[in-house]
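Worksheet: one structure, shown below.
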Amino acid sequence: MLQIAGLLLMMLGLYGLLTNRNVIKIILALNILEIGLNIFIISIGFVRGGEAPIFSSETTSNALVYVDPLPQALVLTAIVIGVGTTALGLAFAKQIYAKYHTFELDEMGEE
Amino acid sequence: MNIALFVAIPLGFAFISILHKKLAPILLIAASLFIIVGLSFVQNGETVIGGFEAPYGIHLLMDSYRLTALYIVNILFLSVVLLNIRKYHQMSTVLLISLTGLNGLIMTGDLFNLFVFLEISGISAYLITSTNKNPLASFQYLVAGTVGSSLYLFGLILLYAMFGSLNLADLSMQVSQLTDKTPVLLPFLLMFLGLGVEVKLLPLNSWVKGILKDANTLSGPMIASVYAAAMSLVFGRILIDLFVFEGRFIVIVSTILLVSILAGEAMAYQSKNVKEILLYSSVAQAGLVVLLFVSGLASWALFMVMANAISKMILFTIIASASEENGDDITVLQGIFTNNKLIGFSFTIASLSVIGLPLFMGFVVKMNALNHLFGEQMFLAIIAILLASVVEGIYFVRLLLHLWTPSETTVTFDIRMKAVLFALAVMLIVFGITVEPIESLKDTIEIGLNVGGTSWRI
């Protein structure tokens, strides 16, 4: 279920990227795509009924089912990178607005 | 010497350069020089990061292929930096970060780590292109690059779900042991498309035109030469180590490559704008390089990347510098070499090497690659390479005639630029005449290559 939700969000983001002609909306679509991907990555490591992947003195048995921690670590990195890209995209959006006085790609007089 | 320093030193210097802005250009040159000097002290092998042995932890690898790749990328990087540091000193921190990303990309043996370095070098590339003063093009590059790396990440996470590993060598072993390879083709296709954006393969390269048509002496050679070389070498390494080519995947990949080569050359032939000619020609060359990689000719593909990167560095620097005042229409630039014989000489050698005429490095590479392809009877690839060379011949000679025809135009070039570009041009001739260094390097590279994937016949 979680995987399908992630894939749907990715498709939605991709659709937004292909159809929107507004700089800010393109950045939003890019973020939706990334969030969908992140949810998908999390879902890869999810185990139904699994424990948090923390091994401590209170853990009673080695045979417990753990949730895979690696995808969570990957997503953490991917989120940070996503924030960086979004910030840079917004900075470019600001420059674009300063140059063309619009966010609409069609009104800029260039391709 | 610990190879992790090639990533750590530029990254550390980048942080220092934020605190001491005046030191930034010196730190950049120091880091770049340190890496080039340090490369002669490295030994083959792997460096474990964080104490977790492979395949659990991240590790950096070094072999002849990666060493050659590092030499190519770092020497060209230093040349671009030395030519531009006075004018673009405010980009020093960004350039340090991009050096971190590019070196990491080449050395890493972990697919997720590769994604991180892809994004680091990508973000610094977007910032480098912001010196073009065309924010719209930089924005489009950012969107294309981010979608590309998301596709790559999607592909690698599917591989992780299947094999439970992100280690390149481990994955390559597990993939080669599969009897039915159909399930891995989807992640491979996603990764191919994702990296194809960075390598400028058609139709994933809509960003290239916006970026390179306004390119200046920093962003032009940086994107068209240094980044293009690093990305193709990393892409090639994944293609030969990991990918398997089967079924529909072959059809998709060969269509993308042939369209890139032929359409790239056709658009370059049609263009009247010097930068457009060069940028479409580099699209075609990117296709050719990937074609050689998927045909299993890794070392010749490596040398082709090297020859192309040197040539593109010369061509883009000269044209970006000459067109700063007058624009880059082919008629405006007519006769710029009349008073600049040395620059004209370097430009001519670079373009003749791209075409693949004898005496130049491009010839040695193309000749040997064709020779091998004949041996394997891969005629479609041979036709593509020959056809591309003929079209390249026509538009480059036409371009050269225009630029050499005497006229009133006077453009002055920086003396340092003349010297650096002349040295690079001489390198193209040296490697074109003396074949021994390339031949012996080829042998050591092929010993180090762990060919896990399969090559295919086109």
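To be explicit about the labels: the chains of the structure tokens are called A, B, and onward in the order shown, and within each one the residues are counted from 1, while ligands get numbers from 1 in the order they are shown.
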
List every residue of chain B that has an atom at most 12 Å from any atom of chain A, giving for each one its closest atom pair and the distance in Å to one decimal, counting only C-alpha atoms, sorted by chain and then by ascending residue number, as a tab-separated table.
residue	atom	partner	partner_atom	distance
B:Tyr56	CA	A:Leu70	CA	10.1
B:Gly57	CA	A:Leu70	CA	10.9
B:Leu111	CA	A:Leu74	CA	11.2
B:Phe112	CA	A:Leu74	CA	7.7
B:Asn113	CA	A:Leu74	CA	9.6
B:Phe115	CA	A:Ala78	CA	9.1
B:Val116	CA	A:Ile81	CA	7.9
B:Phe117	CA	A:Ile81	CA	10.4
B:Leu118	CA	A:Ile81	CA	10.5
B:Glu119	CA	A:Ile81	CA	7.2
B:Ile120	CA	A:Ile81	CA	8.4
B:Ser121	CA	A:Ile81	CA	11.7
B:Gly122	CA	A:Thr85	CA	9.5
B:Ile123	CA	A:Thr85	CA	7.0
B:Ser124	CA	A:Leu88	CA	10.2
B:Ala125	CA	A:Leu88	CA	11.6
B:Tyr126	CA	A:Leu88	CA	8.6
B:Leu127	CA	A:Leu88	CA	8.4
B:Thr129	CA	A:Phe92	CA	11.1
B:Ser130	CA	A:Phe92	CA	8.4
B:Thr131	CA	A:Phe92	CA	11.9
B:Lys133	CA	A:Gln95	CA	9.2
B:Asn134	CA	A:Ile96	CA	8.2
B:Pro135	CA	A:Ile96	CA	5.6
B:Leu136	CA	A:Ile96	CA	6.0
B:Ala137	CA	A:Phe92	CA	9.5
B:Ser138	CA	A:Phe92	CA	7.4
B:Phe139	CA	A:Phe92	CA	6.0
B:Gln140	CA	A:Gly89	CA	9.3
B:Tyr141	CA	A:Gly89	CA	10.1
B:Leu142	CA	A:Gly89	CA	7.0
B:Val143	CA	A:Leu30	CA	7.5
B:Ala144	CA	A:Leu17	CA	10.0
B:Gly145	CA	A:Thr85	CA	9.9
B:Thr146	CA	A:Thr85	CA	7.7
B:Val147	CA	A:Leu30	CA	7.5
B:Gly148	CA	A:Leu30	CA	11.3
B:Ser149	CA	A:Glu34	CA	10.3
B:Ser150	CA	A:Glu34	CA	7.1
B:Leu151	CA	A:Leu37	CA	9.1
B:Tyr152	CA	A:Leu37	CA	11.0
B:Leu153	CA	A:Leu37	CA	8.3
B:Phe154	CA	A:Leu37	CA	6.9
B:Gly155	CA	A:Leu37	CA	10.6
B:Leu156	CA	A:Ile41	CA	10.0
B:Ile157	CA	A:Ile41	CA	6.6
B:Leu158	CA	A:Ile44	CA	8.4
B:Leu159	CA	A:Ile44	CA	10.7
B:Tyr160	CA	A:Ile44	CA	8.6
B:Ala161	CA	A:Ile44	CA	6.2
B:Met162	CA	A:Ile44	CA	9.8
B:Phe163	CA	A:Ile44	CA	11.8
B:Gly164	CA	A:Leu70	CA	9.8
B:Ser165	CA	A:Leu70	CA	10.0
B:Leu166	CA	A:Leu70	CA	10.1
B:Ser206	CA	A:Glu111	CA	11.1
B:Trp207	CA	A:Glu111	CA	11.4
B:Lys209	CA	A:Glu111	CA	10.8
B:Gly210	CA	A:Glu111	CA	9.2

Go through region 75-301 of chain B and collect every residue that DSSP, computed from the backbone, puts in alpha helix (DSSP H); the answer should be as a count of residues only.
-> 176

Proximity to Ala215 (chain B) - best of B:Ser40, B:Thr317, B:Gln285, B:Asn368, only C-alpha atoms |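 Of B:Ser40, B:Thr317, B:Gln285, B:Asn368, the one nearest Ala215 (chain B) is B:Thr317, counting only C-alpha atoms.
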